[in-house]
file protein_34.cif (mmCIF, C-alpha atoms)
data_start
loop_
_atom_site.label_atom_id
_atom_site.label_comp_id
_atom_site.auth_asym_id
_atom_site.auth_seq_id
_atom_site.Cartn_x
_atom_site.Cartn_y
_atom_site.Cartn_z
CA MET A 1258 -112.81 -16.39 132.33
CA ARG A 1259 -112.82 -15.15 128.74
CA PRO A 1260 -111.95 -11.48 128.22
CA LYS A 1261 -114.87 -9.31 127.22
CA GLU A 1262 -114.90 -8.71 123.48
CA LYS A 1263 -114.85 -5.12 122.35
CA SER A 1264 -117.83 -3.89 120.36
CA PRO A 1265 -116.90 -3.00 116.78
CA ARG A 1266 -116.60 0.71 116.05
CA THR A 1267 -119.50 2.02 114.02
CA GLU A 1268 -120.16 4.98 111.77
CA ALA A 1269 -123.28 6.48 110.20
CA LEU A 1270 -123.66 5.00 106.72
CA ASP A 1271 -123.80 8.32 104.87
CA ALA A 1272 -120.58 9.47 106.55
CA LEU A 1273 -118.89 6.21 105.54
CA VAL A 1274 -120.12 6.43 101.94
CA ARG A 1275 -119.15 10.10 101.69
CA VAL A 1276 -115.53 9.42 102.70
CA ARG A 1277 -115.02 6.14 100.87
CA PHE A 1278 -116.37 7.35 97.53
CA GLY A 1279 -115.45 11.04 97.72
CA LEU A 1280 -119.04 12.32 97.59
CA SER A 1281 -120.88 15.33 98.96
CA TRP A 1282 -123.24 14.76 101.88
CA GLY A 1283 -126.25 15.28 99.59
CA LYS A 1284 -125.04 12.83 96.95
CA ALA A 1285 -124.14 10.17 99.53
CA ARG A 1286 -127.60 10.37 101.12
CA ALA A 1287 -129.37 10.41 97.76
CA TRP A 1288 -127.60 7.25 96.60
CA ILE A 1289 -128.39 5.51 99.90
CA ARG A 1290 -132.07 6.46 99.88
CA THR A 1291 -132.53 5.31 96.28
CA GLY A 1292 -131.10 1.85 96.95
CA LYS A 1293 -127.69 2.19 95.30
CA VAL A 1294 -125.70 1.27 98.44
CA THR A 1295 -125.26 -2.18 99.93
CA VAL A 1296 -123.65 -3.15 103.23
CA ALA A 1297 -122.37 -6.74 103.27
CA ALA A 1298 -124.44 -7.32 100.10
CA VAL A 1299 -127.66 -6.03 101.76
CA THR A 1300 -129.36 -2.86 100.48
CA VAL A 1301 -129.66 -0.22 103.22
CA ILE A 1302 -131.74 2.90 102.55
CA ASP A 1303 -131.33 4.69 105.90
CA PRO A 1304 -128.48 7.25 105.66
CA GLY A 1305 -128.20 7.38 109.46
CA ALA A 1306 -127.91 3.62 109.93
CA CYS A 1307 -124.91 2.71 112.09
CA VAL A 1308 -122.59 0.22 110.41
CA PRO A 1309 -119.15 -1.15 111.34
CA ILE A 1310 -116.40 1.09 110.00
CA ASP A 1311 -114.77 -1.90 108.30
CA ALA A 1312 -118.02 -3.09 106.67
CA VAL A 1313 -117.99 -4.06 102.99
CA VAL A 1314 -119.87 -1.19 101.33
CA ASP A 1315 -120.58 -1.24 97.58
CA LEU A 1316 -122.28 1.04 95.08
CA ARG A 1317 -124.68 -0.37 92.47
CA MET A 1318 -125.46 2.49 90.13
CA ASN A 1319 -127.80 0.36 88.01
CA ALA A 1320 -129.85 -0.83 90.99
CA PRO A 1321 -133.62 -0.21 90.67
CA ARG A 1322 -134.77 2.87 92.56
CA VAL A 1323 -136.08 2.16 96.05
CA HIS A 1324 -138.82 4.25 97.65
CA ARG A 1325 -139.55 4.29 101.37
CA HIS A 1326 -143.33 4.18 101.70
CA VAL A 1327 -143.76 2.38 105.02
CA LEU A 1328 -143.79 3.86 108.50
CA ALA A 1329 -142.78 1.48 111.27
CA PRO A 1330 -145.66 0.78 113.71
CA SER A 1331 -143.44 1.98 116.58
CA ALA A 1332 -143.31 5.41 114.94
CA LEU A 1333 -146.95 6.02 115.88
CA VAL A 1334 -146.55 7.12 119.49
CA PHE A 1335 -150.18 8.05 120.17
CA VAL A 1336 -153.30 7.64 118.02
CA ASP A 1337 -156.93 8.41 118.81
CA SER A 1338 -159.87 9.91 116.94
CA GLN A 1339 -158.50 13.47 117.31
CA VAL A 1340 -154.70 13.47 117.04
CA VAL A 1341 -151.70 11.40 115.95
CA VAL A 1342 -148.26 11.84 117.55
CA VAL A 1343 -145.46 10.47 115.39
CA ARG A 1344 -141.70 9.92 115.67
CA LYS A 1345 -140.31 11.59 112.56
CA PRO A 1346 -137.09 10.03 111.25
CA ALA A 1347 -134.40 12.35 109.90
CA GLY A 1348 -134.19 12.63 106.13
CA ILE A 1349 -137.85 13.03 105.18
CA SER A 1350 -139.93 16.18 104.92
CA THR A 1351 -142.89 16.68 107.24
CA VAL A 1352 -144.99 17.82 104.26
CA PRO A 1353 -144.12 18.18 100.55
CA TYR A 1354 -142.04 21.24 99.65
CA GLU A 1355 -142.34 20.47 95.96
CA GLU A 1356 -145.46 19.33 94.14
CA ASP A 1357 -144.03 15.94 93.15
CA GLU A 1358 -142.20 15.19 96.42
CA ARG A 1359 -143.12 11.73 97.69
CA GLY A 1360 -142.44 9.76 100.85
CA THR A 1361 -143.15 12.70 103.16
CA LEU A 1362 -144.20 12.12 106.77
CA ASP A 1363 -147.81 13.18 106.24
CA GLU A 1364 -148.09 10.74 103.32
CA LEU A 1365 -146.66 7.89 105.39
CA VAL A 1366 -148.96 8.65 108.33
CA ARG A 1367 -152.00 8.70 106.04
CA ALA A 1368 -150.94 5.35 104.60
CA ALA A 1369 -150.54 3.88 108.10
CA LEU A 1370 -153.94 5.19 109.24
CA GLY A 1371 -155.69 4.14 106.05
CA LYS A 1372 -154.75 0.47 106.02
CA GLY A 1373 -157.85 -1.61 105.39
CA ARG A 1374 -160.01 1.46 104.78
CA THR A 1375 -161.34 3.24 101.72
CA GLY A 1376 -160.74 6.91 101.01
CA ARG A 1377 -157.95 9.26 102.05
CA PRO A 1378 -157.71 9.70 105.85
CA PRO A 1379 -157.99 13.36 106.90
CA LEU A 1380 -154.83 14.78 108.41
CA GLY A 1381 -154.24 18.34 109.60
CA ILE A 1382 -150.83 20.04 109.70
CA VAL A 1383 -150.24 22.29 112.72
CA HIS A 1384 -146.42 22.39 112.87
CA ARG A 1385 -143.37 21.04 111.04
CA LEU A 1386 -139.84 19.81 111.61
CA ASP A 1387 -136.99 20.45 109.18
CA LYS A 1388 -136.17 17.57 106.86
CA GLU A 1389 -132.94 16.72 108.72
CA THR A 1390 -134.49 17.11 112.18
CA SER A 1391 -135.82 14.02 113.93
CA GLY A 1392 -138.35 13.72 116.72
CA LEU A 1393 -141.96 14.20 117.76
CA VAL A 1394 -144.64 15.71 115.50
CA VAL A 1395 -148.41 15.94 116.03
CA PHE A 1396 -151.03 15.79 113.27
CA THR A 1397 -154.76 16.39 113.77
CA ARG A 1398 -157.60 14.21 112.48
CA THR A 1399 -160.63 16.50 112.86
CA TRP A 1400 -161.50 20.15 112.29
CA GLN A 1401 -162.07 20.57 116.06
CA ALA A 1402 -158.61 19.20 116.84
CA LYS A 1403 -156.92 21.40 114.26
CA GLN A 1404 -158.61 24.52 115.63
CA SER A 1405 -157.60 23.61 119.17
CA LEU A 1406 -153.97 22.70 118.43
CA SER A 1407 -153.49 25.68 116.09
CA GLY A 1408 -154.71 27.93 118.89
CA GLN A 1409 -152.34 26.34 121.39
CA PHE A 1410 -149.39 26.85 119.02
CA ARG A 1411 -150.39 30.50 118.47
CA ALA A 1412 -150.65 31.01 122.23
CA HIS A 1413 -147.21 29.39 122.72
CA THR A 1414 -148.62 26.92 125.26
CA VAL A 1415 -147.43 23.78 123.46
CA HIS A 1416 -144.43 22.24 125.24
CA ARG A 1417 -141.51 21.68 122.85
CA ARG A 1418 -138.06 20.70 124.04
CA TYR A 1419 -135.26 19.91 121.62
CA LEU A 1420 -131.87 18.31 122.18
CA ALA A 1421 -128.96 19.45 120.02
CA LEU A 1422 -125.23 19.02 119.68
CA VAL A 1423 -123.66 22.42 119.08
CA HIS A 1424 -120.18 23.65 118.35
CA GLY A 1425 -118.15 25.17 121.18
CA ALA A 1426 -118.86 25.75 124.85
CA ALA A 1427 -122.47 26.90 124.92
CA THR A 1428 -123.83 28.51 128.09
CA LYS A 1429 -127.27 28.89 129.62
CA ARG A 1430 -129.11 31.84 128.12
CA THR A 1431 -132.33 33.03 126.51
CA TYR A 1432 -132.35 34.32 122.95
CA ARG A 1433 -135.03 36.91 122.20
CA THR A 1434 -134.79 38.41 118.72
CA TYR A 1435 -136.96 39.38 115.76
CA LEU A 1436 -136.47 37.03 112.83
CA VAL A 1437 -136.68 38.25 109.25
CA GLU A 1438 -136.76 36.41 105.92
CA ASP A 1439 -133.54 38.09 104.75
CA ARG A 1440 -130.98 39.47 107.17
CA GLY A 1441 -129.07 41.06 104.28
CA ASP A 1442 -127.16 38.09 102.88
CA GLY A 1443 -130.07 36.06 101.53
CA LEU A 1444 -130.57 34.02 104.70
CA ARG A 1445 -133.14 34.17 107.47
CA GLY A 1446 -131.81 35.83 110.59
CA SER A 1447 -132.33 38.35 113.37
CA ALA A 1448 -133.15 41.95 112.64
CA ARG A 1449 -130.97 44.55 114.31
CA ARG A 1450 -134.03 46.12 115.87
CA ALA A 1451 -137.74 45.46 116.32
CA GLY A 1452 -140.28 47.00 114.00
CA VAL A 1453 -138.67 46.14 110.64
CA GLY A 1454 -140.97 43.27 109.73
CA GLY A 1455 -139.41 40.70 112.02
CA ARG A 1456 -141.36 38.17 114.10
CA LEU A 1457 -140.52 37.67 117.76
CA ALA A 1458 -138.59 34.45 118.46
CA VAL A 1459 -137.72 33.27 121.97
CA THR A 1460 -135.48 30.25 122.66
CA HIS A 1461 -134.28 29.10 126.09
CA VAL A 1462 -131.00 27.15 125.92
CA GLU A 1463 -129.40 25.14 128.72
CA PRO A 1464 -126.21 23.05 128.50
CA VAL A 1465 -126.63 19.35 129.38
CA GLU A 1466 -123.17 17.91 128.74
CA SER A 1467 -119.87 19.44 127.65
CA PHE A 1468 -117.29 17.93 125.31
CA ALA A 1469 -113.91 19.14 124.07
CA GLN A 1470 -115.31 20.78 120.93
CA ALA A 1471 -119.04 20.74 121.46
CA THR A 1472 -121.93 20.89 123.93
CA ARG A 1473 -125.17 18.96 124.18
CA VAL A 1474 -127.89 21.48 124.90
CA ALA A 1475 -131.61 21.45 125.62
CA CYS A 1476 -133.65 24.09 123.79
CA THR A 1477 -137.15 25.03 124.95
CA LEU A 1478 -139.25 27.12 122.58
CA GLU A 1479 -141.67 29.87 123.44
CA THR A 1480 -142.26 30.60 119.77
CA GLY A 1481 -141.96 28.37 116.72
CA ARG A 1482 -140.41 30.35 113.89
CA THR A 1483 -138.76 28.72 110.88
CA HIS A 1484 -135.19 27.58 111.75
CA GLN A 1485 -135.44 29.44 115.06
CA ILE A 1486 -133.07 27.23 117.06
CA ARG A 1487 -130.57 27.00 114.22
CA ILE A 1488 -130.50 30.75 113.71
CA HIS A 1489 -130.21 31.73 117.36
CA LEU A 1490 -127.38 29.30 118.06
CA SER A 1491 -125.49 30.13 114.86
CA GLU A 1492 -125.71 33.86 115.50
CA ASP A 1493 -124.11 33.20 118.88
CA SER A 1494 -121.26 31.25 117.20
CA HIS A 1495 -122.61 27.90 118.44
CA PRO A 1496 -124.20 26.41 115.31
CA VAL A 1497 -125.80 23.00 115.52
CA VAL A 1498 -123.30 20.31 114.57
CA GLY A 1499 -123.98 19.35 110.95
CA GLU A 1500 -125.30 22.84 110.10
CA ARG A 1501 -124.54 23.78 106.48
CA VAL A 1502 -126.67 26.89 105.98
CA TYR A 1503 -126.24 29.33 108.88
CA ILE A 1504 -122.44 29.16 109.15
CA ARG A 1505 -121.24 32.07 107.03
CA GLY A 1506 -118.14 33.66 108.52
CA LEU A 1507 -117.63 30.85 111.03
CA SER A 1508 -114.60 28.56 111.10
CA LEU A 1509 -115.77 25.16 112.36
CA ALA A 1510 -114.13 21.79 112.94
CA ASP A 1511 -115.56 18.83 111.03
CA LEU A 1512 -117.14 16.72 113.78
CA GLY A 1513 -118.33 14.01 111.41
CA ALA A 1514 -122.08 14.54 111.76
CA PRO A 1515 -124.12 12.75 109.10
CA ARG A 1516 -126.89 15.36 109.33
CA LEU A 1517 -128.13 18.25 111.46
CA MET A 1518 -127.78 17.10 115.09
CA LEU A 1519 -131.17 18.38 116.24
CA HIS A 1520 -133.93 16.24 117.79
CA ALA A 1521 -137.44 17.17 118.94
CA ALA A 1522 -137.24 15.20 122.19
CA GLU A 1523 -140.39 16.31 124.04
CA LEU A 1524 -143.87 17.37 122.97
CA GLY A 1525 -146.85 18.26 125.13
CA PHE A 1526 -150.26 19.87 124.68
CA ILE A 1527 -153.84 19.88 125.96
CA HIS A 1528 -155.95 17.21 124.29
CA PRO A 1529 -158.53 18.99 122.10
CA SER A 1530 -161.54 17.02 123.31
CA THR A 1531 -160.70 15.65 126.77
CA GLY A 1532 -158.80 18.66 128.12
CA GLU A 1533 -156.11 16.33 129.47
CA ALA A 1534 -152.52 17.57 129.59
CA LEU A 1535 -150.46 15.11 127.53
CA ARG A 1536 -146.69 14.87 127.15
CA TRP A 1537 -144.32 12.49 125.36
CA ALA A 1538 -140.54 12.04 125.27
CA ASP A 1539 -138.45 10.49 122.51
CA PRO A 1540 -134.85 9.32 123.13
CA LEU A 1541 -131.95 10.41 120.94
CA PRO A 1542 -131.78 8.49 117.65
CA ASP A 1543 -128.83 6.22 116.90
CA ASP A 1544 -126.97 8.67 114.65
CA MET A 1545 -126.94 11.37 117.33
CA VAL A 1546 -125.90 8.87 119.98
CA SER A 1547 -123.01 7.77 117.74
CA VAL A 1548 -121.73 11.32 117.21
CA GLN A 1549 -122.16 12.10 120.92
CA GLU A 1550 -120.15 9.03 121.91
CA ARG A 1551 -117.31 10.04 119.60
CA LEU A 1552 -117.30 13.52 121.11
CA ARG A 1553 -117.34 12.09 124.62
CA THR A 1554 -114.46 9.69 123.85
CA ALA A 1555 -112.40 12.50 122.28
CA SER A 1556 -112.91 14.58 125.43
CA LEU A 1557 -111.39 11.95 127.74
#

call {"tool": "encode", "arguments": {"input": "protein_34.cif", "output": "structure tokens"}}
result
Amino acid sequence: MRPKEKSPRTEALDALVRVRFGLSWGKARAWIRTGKVTVAAVTVIDPGACVPIDAVVDLRMNAPRVHRHVLAPSALVFVDSQVVVVRKPAGISTVPYEEDERGTLDELVRAALGKGRTGRPPLGIVHRLDKETSGLVVFTRTWQAKQSLSGQFRAHTVHRRYLALVHGAATKRTYRTYLVEDRGDGLRGSARRAGVGGRLAVTHVEPVESFAQATRVACTLETGRTHQIRIHLSEDSHPVVGERVYIRGLSLADLGAPRLMLHAAELGFIHPSTGEALRWADPLPDDMVSVQERLRTASL
């Protein structure tokens, strides 16, 4: 009987490019996304793609710029006349943050819905995920649906559960603070007391699996403030692995994350026209699985 062959060790492409060519995370991802990186002579434009650590990786600085304008059919989780539920990949914005930003999720969804049709398909925005965050997003297709979903988000009745890898030994707790645009150092954060312009933010956190230097946690939101999960965990000295903004004053080990290790794993709401309670789940993407496996192996 032949011995079982070991699977080759893999690494996220942007992490590999960053180390091999001495680049910043941003530069490594930018060169990958614009088609300047090849793996075994094949252009790869997904920074989170898992590749063998001994793969032949080359840079072609004169390569023509590549744009990602196609959304895989599997990314459309649910589509009807009222709503569209989509798996957002990490690395693209939900909506444009700059006037000339292209390749955003809403643009790709419109392109997918508009195939074979004339005119620009209507698409309503009711919530967003950060550019580096992956997972489930819902868009609306009618005025009725947008009114209904917007109301459900305001009433905090939409089910949203995130999975994250965080630094340290996180424990079960609920964060309830008032978030402000500037906590005093130019960053969003929690106000020291209510009544100073902050907006209530409530996050329930529960550990799922512990590692030597990190914890996988589930975060359930009552509110949906900008960067809410990231802020609450960082202020408790458990920033999300891959966090590069809310880490001032913290000394953290480099755990090799190619991006922010945060994933919108579950989404649920009441359908705006049928009244049916709907819920979807999305498994961890490959880049998070890869980092988690390294953490698990290091803990043995």

call {"tool": "resolve_selection", "arguments": {"input": "protein_34.cif", "expression": "the PyMOL selection byres ((chain A and resi 1457) around 8)", "output": "PyMOL selection string"}}
result
chain A and resi 1433-1436+1455-1456+1458-1459+1480

call {"tool": "resolve_selection", "arguments": {"input": "protein_34.cif", "expression": "the PyMOL selection byres ((chain A and resi 1351) around 6)", "output": "list in words"}}
result
Ser1350, Val1352, Thr1361, Leu1362 and Arg1385 of chain A

call {"tool": "closest_residue", "arguments": {"input": "protein_34.cif", "among": "A:Gly1525, A:Pro1542, A:His1495, A:Arg1317", "to": "A:Val1301", "atoms": "only C-alpha atoms"}}
result
A:Arg1317

call {"tool": "closest_residue", "arguments": {"input": "protein_34.cif", "among": "A:Arg1551, A:Lys1284, A:Arg1445, A:Arg1377", "to": "A:Gly1513", "atoms": "only C-alpha atoms"}}
result
A:Arg1551

call {"tool": "closest_residue", "arguments": {"input": "protein_34.cif", "among": "A:Val1342, A:Leu1541, A:Val1546, A:Ala1451", "to": "A:Ser1391", "atoms": "only C-alpha atoms"}}
result
A:Leu1541

call {"tool": "atom_distance", "arguments": {"input": "protein_34.cif", "atom1": "atom CA of A:Val1437", "atom2": "atom CA of A:Thr1390"}}
result
21.5 Å

call {"tool": "atom_distance", "arguments": {"input": "protein_34.cif", "atom1": "atom CA of A:Val1498", "atom2": "atom CA of A:Phe1278"}}
result
22.5 Å

call {"tool": "closest_residue", "arguments": {"input": "protein_34.cif", "among": "A:Leu1420, A:Ser1338, A:Tyr1354, A:His1484", "to": "A:Trp1400", "atoms": "all atoms listed in the file"}}
result
A:Ser1338

call {"tool": "atom_distance", "arguments": {"input": "protein_34.cif", "atom1": "atom CA of A:His1384", "atom2": "atom CA of A:Gln1339"}}
result
15.7 Å

call {"tool": "resolve_selection", "arguments": {"input": "protein_34.cif", "expression": "the PyMOL selection byres ((chain A and resi 1462) around 7)", "output": "PyMOL selection string"}}
result
chain A and resi 1429-1431+1460-1461+1463-1464+1474-1477

call {"tool": "write_last_selection", "arguments": {"input": "protein_34.cif", "atoms": "C-alpha atoms", "output": "mmCIF file, keeping the file's coordinate frame"}}
result
data_model
loop_
_atom_site.group_PDB
_atom_site.id
_atom_site.type_symbol
_atom_site.label_atom_id
_atom_site.label_comp_id
_atom_site.auth_asym_id
_atom_site.auth_seq_id
_atom_site.Cartn_x
_atom_site.Cartn_y
_atom_site.Cartn_z
ATOM 1 C CA LYS A 1429 -127.270 28.890 129.620
ATOM 2 C CA ARG A 1430 -129.110 31.840 128.120
ATOM 3 C CA THR A 1431 -132.330 33.030 126.510
ATOM 4 C CA THR A 1460 -135.480 30.250 122.660
ATOM 5 C CA HIS A 1461 -134.280 29.100 126.090
ATOM 6 C CA GLU A 1463 -129.400 25.140 128.720
ATOM 7 C CA PRO A 1464 -126.210 23.050 128.500
ATOM 8 C CA VAL A 1474 -127.890 21.480 124.900
ATOM 9 C CA ALA A 1475 -131.610 21.450 125.620
ATOM 10 C CA CYS A 1476 -133.650 24.090 123.790
ATOM 11 C CA THR A 1477 -137.150 25.030 124.950
#

call {"tool": "residues_near_point", "arguments": {"input": "protein_34.cif", "point": "(-127.9, 32.8, 115.1)", "cutoff": "10 Å", "atoms": "all atoms listed in the file", "output": "PyMOL selection string"}}
result
chain A and resi 1432+1434+1436+1445-1447+1484-1496+1503-1504

call {"tool": "residues_around", "arguments": {"input": "protein_34.cif", "residues": "A:Leu1380", "least_positions_apart": "3", "cutoff": "7 Å", "atoms": "only C-alpha atoms", "output": "PyMOL selection string"}}
result
chain A and resi 1396-1398
